[in-house]
Amino acid sequence: MKDDKIVKKIKKIMAKIEPYVAGHGGSINFVSWEPVDGRVLVSLQGACENCAMSTLTLKFGLEAALKKEIPEVREVVSV
């Protein structure tokens with residue numbers, strides 16, 4: 001049950017970031033939560049797929065926001 005709550009929090013935070021990413025022609029989609037490693041797996045779509053700034057968006061945007069709100073999150077990885 002705890003993991004279900006974490007996934008809901010992850011998706012809620014991602015929804016807040018989505019308009020910014022969509023404004024640049026891309027999207028970041030939730031793939032899975034790996035509780036053992038503390039990893040959130042996401043897929044990049046649209047303009048994000050080939051954008052050099054996507055790593056910064058993931059690490060300093062999404063990952064930072066998730067870590068701030070969800071201590072169990074250690075890393076966000078694009079797959």
# chains A, B, ... in the order shown; residues from 1 in each chain; ligands from 1
>>> select_by_dssp(residues="chain A", states="alpha helix (DSSP H)", output="NGL selection string")
:A and (2-22 or 54-56 or 64-69)
>>> write_last_selection(atoms="N, CA and C atoms", output="PDB file, in the first residue's frame")
ATOM      1  N   LYS A   2       1.971   1.218   0.719  1.00  0.00           N
ATOM      2  CA  LYS A   2       2.836   2.390   0.771  1.00  0.00           C
ATOM      3  C   LYS A   2       3.301   2.772  -0.625  1.00  0.00           C
ATOM      4  N   ASP A   3       3.652   1.780  -1.444  1.00  0.00           N
ATOM      5  CA  ASP A   3       4.109   2.063  -2.795  1.00  0.00           C
ATOM      6  C   ASP A   3       3.018   2.710  -3.638  1.00  0.00           C
ATOM      7  N   ASP A   4       1.766   2.311  -3.424  1.00  0.00           N
ATOM      8  CA  ASP A   4       0.654   2.936  -4.149  1.00  0.00           C
ATOM      9  C   ASP A   4       0.569   4.423  -3.825  1.00  0.00           C
ATOM     10  N   LYS A   5       0.778   4.763  -2.563  1.00  0.00           N
ATOM     11  CA  LYS A   5       0.742   6.171  -2.159  1.00  0.00           C
ATOM     12  C   LYS A   5       1.898   6.944  -2.778  1.00  0.00           C
ATOM     13  N   ILE A   6       3.056   6.318  -2.839  1.00  0.00           N
ATOM     14  CA  ILE A   6       4.218   6.972  -3.447  1.00  0.00           C
ATOM     15  C   ILE A   6       3.977   7.209  -4.929  1.00  0.00           C
ATOM     16  N   VAL A   7       3.430   6.223  -5.624  1.00  0.00           N
ATOM     17  CA  VAL A   7       3.137   6.376  -7.055  1.00  0.00           C
ATOM     18  C   VAL A   7       2.142   7.524  -7.269  1.00  0.00           C
ATOM     19  N   LYS A   8       1.140   7.627  -6.427  1.00  0.00           N
ATOM     20  CA  LYS A   8       0.177   8.725  -6.545  1.00  0.00           C
ATOM     21  C   LYS A   8       0.859  10.076  -6.359  1.00  0.00           C
ATOM     22  N   LYS A   9       1.763  10.160  -5.386  1.00  0.00           N
ATOM     23  CA  LYS A   9       2.503  11.404  -5.161  1.00  0.00           C
ATOM     24  C   LYS A   9       3.387  11.740  -6.356  1.00  0.00           C
ATOM     25  N   ILE A  10       4.064  10.721  -6.877  1.00  0.00           N
ATOM     26  CA  ILE A  10       4.930  10.925  -8.045  1.00  0.00           C
ATOM     27  C   ILE A  10       4.113  11.493  -9.198  1.00  0.00           C
ATOM     28  N   LYS A  11       2.984  10.871  -9.493  1.00  0.00           N
ATOM     29  CA  LYS A  11       2.150  11.315 -10.616  1.00  0.00           C
ATOM     30  C   LYS A  11       1.600  12.717 -10.382  1.00  0.00           C
ATOM     31  N   LYS A  12       1.279  13.041  -9.145  1.00  0.00           N
ATOM     32  CA  LYS A  12       0.766  14.374  -8.827  1.00  0.00           C
ATOM     33  C   LYS A  12       1.841  15.438  -9.085  1.00  0.00           C
ATOM     34  N   ILE A  13       3.054  15.165  -8.660  1.00  0.00           N
ATOM     35  CA  ILE A  13       4.152  16.109  -8.888  1.00  0.00           C
ATOM     36  C   ILE A  13       4.471  16.215 -10.373  1.00  0.00           C
ATOM     37  N   MET A  14       4.463  15.083 -11.066  1.00  0.00           N
ATOM     38  CA  MET A  14       4.715  15.103 -12.512  1.00  0.00           C
ATOM     39  C   MET A  14       3.659  15.930 -13.239  1.00  0.00           C
ATOM     40  N   ALA A  15       2.420  15.864 -12.785  1.00  0.00           N
ATOM     41  CA  ALA A  15       1.343  16.640 -13.413  1.00  0.00           C
ATOM     42  C   ALA A  15       1.586  18.139 -13.294  1.00  0.00           C
ATOM     43  N   LYS A  16       2.241  18.554 -12.218  1.00  0.00           N
ATOM     44  CA  LYS A  16       2.548  19.975 -12.038  1.00  0.00           C
ATOM     45  C   LYS A  16       3.646  20.437 -12.989  1.00  0.00           C
ATOM     46  N   ILE A  17       4.561  19.543 -13.329  1.00  0.00           N
ATOM     47  CA  ILE A  17       5.680  19.865 -14.211  1.00  0.00           C
ATOM     48  C   ILE A  17       5.295  19.728 -15.682  1.00  0.00           C
ATOM     49  N   GLU A  18       4.313  18.896 -15.965  1.00  0.00           N
ATOM     50  CA  GLU A  18       3.911  18.599 -17.343  1.00  0.00           C
ATOM     51  C   GLU A  18       3.609  19.837 -18.195  1.00  0.00           C
ATOM     52  N   PRO A  19       2.891  20.843 -17.692  1.00  0.00           N
ATOM     53  CA  PRO A  19       2.613  22.011 -18.547  1.00  0.00           C
ATOM     54  C   PRO A  19       3.885  22.716 -19.035  1.00  0.00           C
ATOM     55  N   TYR A  20       4.897  22.786 -18.206  1.00  0.00           N
ATOM     56  CA  TYR A  20       6.165  23.392 -18.612  1.00  0.00           C
ATOM     57  C   TYR A  20       6.789  22.600 -19.754  1.00  0.00           C
ATOM     58  N   VAL A  21       6.836  21.281 -19.589  1.00  0.00           N
ATOM     59  CA  VAL A  21       7.438  20.409 -20.598  1.00  0.00           C
ATOM     60  C   VAL A  21       6.605  20.447 -21.887  1.00  0.00           C
ATOM     61  N   ALA A  22       5.291  20.406 -21.743  1.00  0.00           N
ATOM     62  CA  ALA A  22       4.405  20.456 -22.913  1.00  0.00           C
ATOM     63  C   ALA A  22       4.564  21.771 -23.672  1.00  0.00           C
ATOM     64  N   SER A  54      17.053  17.936 -21.857  1.00  0.00           N
ATOM     65  CA  SER A  54      16.170  16.991 -21.165  1.00  0.00           C
ATOM     66  C   SER A  54      16.810  16.432 -19.893  1.00  0.00           C
ATOM     67  N   THR A  55      18.128  16.247 -19.895  1.00  0.00           N
ATOM     68  CA  THR A  55      18.803  15.755 -18.698  1.00  0.00           C
ATOM     69  C   THR A  55      18.681  16.764 -17.564  1.00  0.00           C
ATOM     70  N   LEU A  56      18.835  18.033 -17.894  1.00  0.00           N
ATOM     71  CA  LEU A  56      18.683  19.079 -16.876  1.00  0.00           C
ATOM     72  C   LEU A  56      17.260  19.124 -16.356  1.00  0.00           C
ATOM     73  N   ALA A  64      14.549  16.773  -8.585  1.00  0.00           N
ATOM     74  CA  ALA A  64      14.639  17.653  -7.409  1.00  0.00           C
ATOM     75  C   ALA A  64      13.281  17.810  -6.735  1.00  0.00           C
ATOM     76  N   ALA A  65      12.236  17.986  -7.535  1.00  0.00           N
ATOM     77  CA  ALA A  65      10.886  18.143  -6.980  1.00  0.00           C
ATOM     78  C   ALA A  65      10.433  16.872  -6.274  1.00  0.00           C
ATOM     79  N   LEU A  66      10.707  15.724  -6.883  1.00  0.00           N
ATOM     80  CA  LEU A  66      10.300  14.456  -6.279  1.00  0.00           C
ATOM     81  C   LEU A  66      11.060  14.193  -4.981  1.00  0.00           C
ATOM     82  N   LYS A  67      12.367  14.429  -4.985  1.00  0.00           N
ATOM     83  CA  LYS A  67      13.170  14.199  -3.783  1.00  0.00           C
ATOM     84  C   LYS A  67      12.723  15.099  -2.630  1.00  0.00           C
ATOM     85  N   LYS A  68      12.347  16.309  -2.963  1.00  0.00           N
ATOM     86  CA  LYS A  68      11.912  17.266  -1.942  1.00  0.00           C
ATOM     87  C   LYS A  68      10.650  16.782  -1.235  1.00  0.00           C
ATOM     88  N   GLU A  69       9.732  16.210  -1.984  1.00  0.00           N
ATOM     89  CA  GLU A  69       8.434  15.796  -1.441  1.00  0.00           C
ATOM     90  C   GLU A  69       8.368  14.330  -1.014  1.00  0.00           C
TER      91      GLU A  69
END
>>> residues_around(residues="segment 33-50 of chain A", least_positions_apart="2", cutoff="7 Å", atoms="only C-alpha atoms", output="mmCIF file with N, CA and C atoms, in the first residue's frame")
data_model
loop_
_atom_site.group_PDB
_atom_site.id
_atom_site.type_symbol
_atom_site.label_atom_id
_atom_site.label_comp_id
_atom_site.auth_asym_id
_atom_site.auth_seq_id
_atom_site.Cartn_x
_atom_site.Cartn_y
_atom_site.Cartn_z
ATOM 1 N N VAL A 7 3.430 6.223 -5.624
ATOM 2 C CA VAL A 7 3.137 6.376 -7.055
ATOM 3 C C VAL A 7 2.142 7.524 -7.269
ATOM 4 N N GLY A 25 6.964 21.412 -26.284
ATOM 5 C CA GLY A 25 6.678 20.392 -27.294
ATOM 6 C C GLY A 25 6.988 18.964 -26.883
ATOM 7 N N GLY A 26 7.129 18.718 -25.594
ATOM 8 C CA GLY A 26 7.456 17.367 -25.162
ATOM 9 C C GLY A 26 6.566 16.881 -24.045
ATOM 10 N N SER A 27 6.880 15.697 -23.552
ATOM 11 C CA SER A 27 6.177 15.165 -22.390
ATOM 12 C C SER A 27 7.080 14.154 -21.692
ATOM 13 N N ILE A 28 6.832 14.027 -20.394
ATOM 14 C CA ILE A 28 7.529 13.039 -19.578
ATOM 15 C C ILE A 28 6.452 12.137 -18.996
ATOM 16 N N ASN A 29 6.546 10.858 -19.293
ATOM 17 C CA ASN A 29 5.524 9.909 -18.858
ATOM 18 C C ASN A 29 6.071 8.955 -17.803
ATOM 19 N N PHE A 30 5.275 8.730 -16.779
ATOM 20 C CA PHE A 30 5.624 7.784 -15.728
ATOM 21 C C PHE A 30 5.636 6.373 -16.289
ATOM 22 N N VAL A 31 6.694 5.622 -16.000
ATOM 23 C CA VAL A 31 6.787 4.225 -16.412
ATOM 24 C C VAL A 31 6.612 3.325 -15.194
ATOM 25 N N ALA A 52 18.853 18.319 -25.809
ATOM 26 C CA ALA A 52 20.037 18.295 -24.956
ATOM 27 C C ALA A 52 19.711 18.750 -23.530
ATOM 28 N N SER A 54 17.053 17.936 -21.857
ATOM 29 C CA SER A 54 16.170 16.991 -21.165
ATOM 30 C C SER A 54 16.810 16.432 -19.893
ATOM 31 N N GLU A 72 11.783 8.831 -0.225
ATOM 32 C CA GLU A 72 12.151 7.515 -0.755
ATOM 33 C C GLU A 72 12.739 7.593 -2.166
ATOM 34 N N VAL A 73 12.479 8.676 -2.883
ATOM 35 C CA VAL A 73 12.989 8.819 -4.249
ATOM 36 C C VAL A 73 14.469 9.198 -4.190
ATOM 37 N N ARG A 74 15.288 8.415 -4.880
ATOM 38 C CA ARG A 74 16.722 8.680 -4.931
ATOM 39 C C ARG A 74 17.168 9.129 -6.311
ATOM 40 N N GLU A 75 16.390 8.749 -7.356
ATOM 41 C CA GLU A 75 16.852 9.023 -8.716
ATOM 42 C C GLU A 75 15.674 8.935 -9.694
ATOM 43 N N VAL A 76 15.767 9.756 -10.747
ATOM 44 C CA VAL A 76 14.823 9.662 -11.862
ATOM 45 C C VAL A 76 15.635 9.257 -13.084
ATOM 46 N N VAL A 77 15.162 8.225 -13.777
ATOM 47 C CA VAL A 77 15.900 7.677 -14.916
ATOM 48 C C VAL A 77 14.977 7.616 -16.130
ATOM 49 N N SER A 78 15.493 8.085 -17.248
ATOM 50 C CA SER A 78 14.763 7.982 -18.516
ATOM 51 C C SER A 78 15.061 6.636 -19.157
ATOM 52 N N VAL A 79 13.996 5.937 -19.568
ATOM 53 C CA VAL A 79 14.181 4.619 -20.200
ATOM 54 C C VAL A 79 13.633 4.613 -21.606
#
>>> select_by_dssp(residues="chain A", states="strand (DSSP E)", output="list of chain:residue names")
A:Gly26, A:Ser27, A:Ile28, A:Asn29, A:Phe30, A:Val31, A:Ser32, A:Trp33, A:Glu34, A:Arg39, A:Val40, A:Leu41, A:Val42, A:Ser43, A:Leu44, A:Gln45, A:Gly46, A:Glu75, A:Val76, A:Val77, A:Ser78
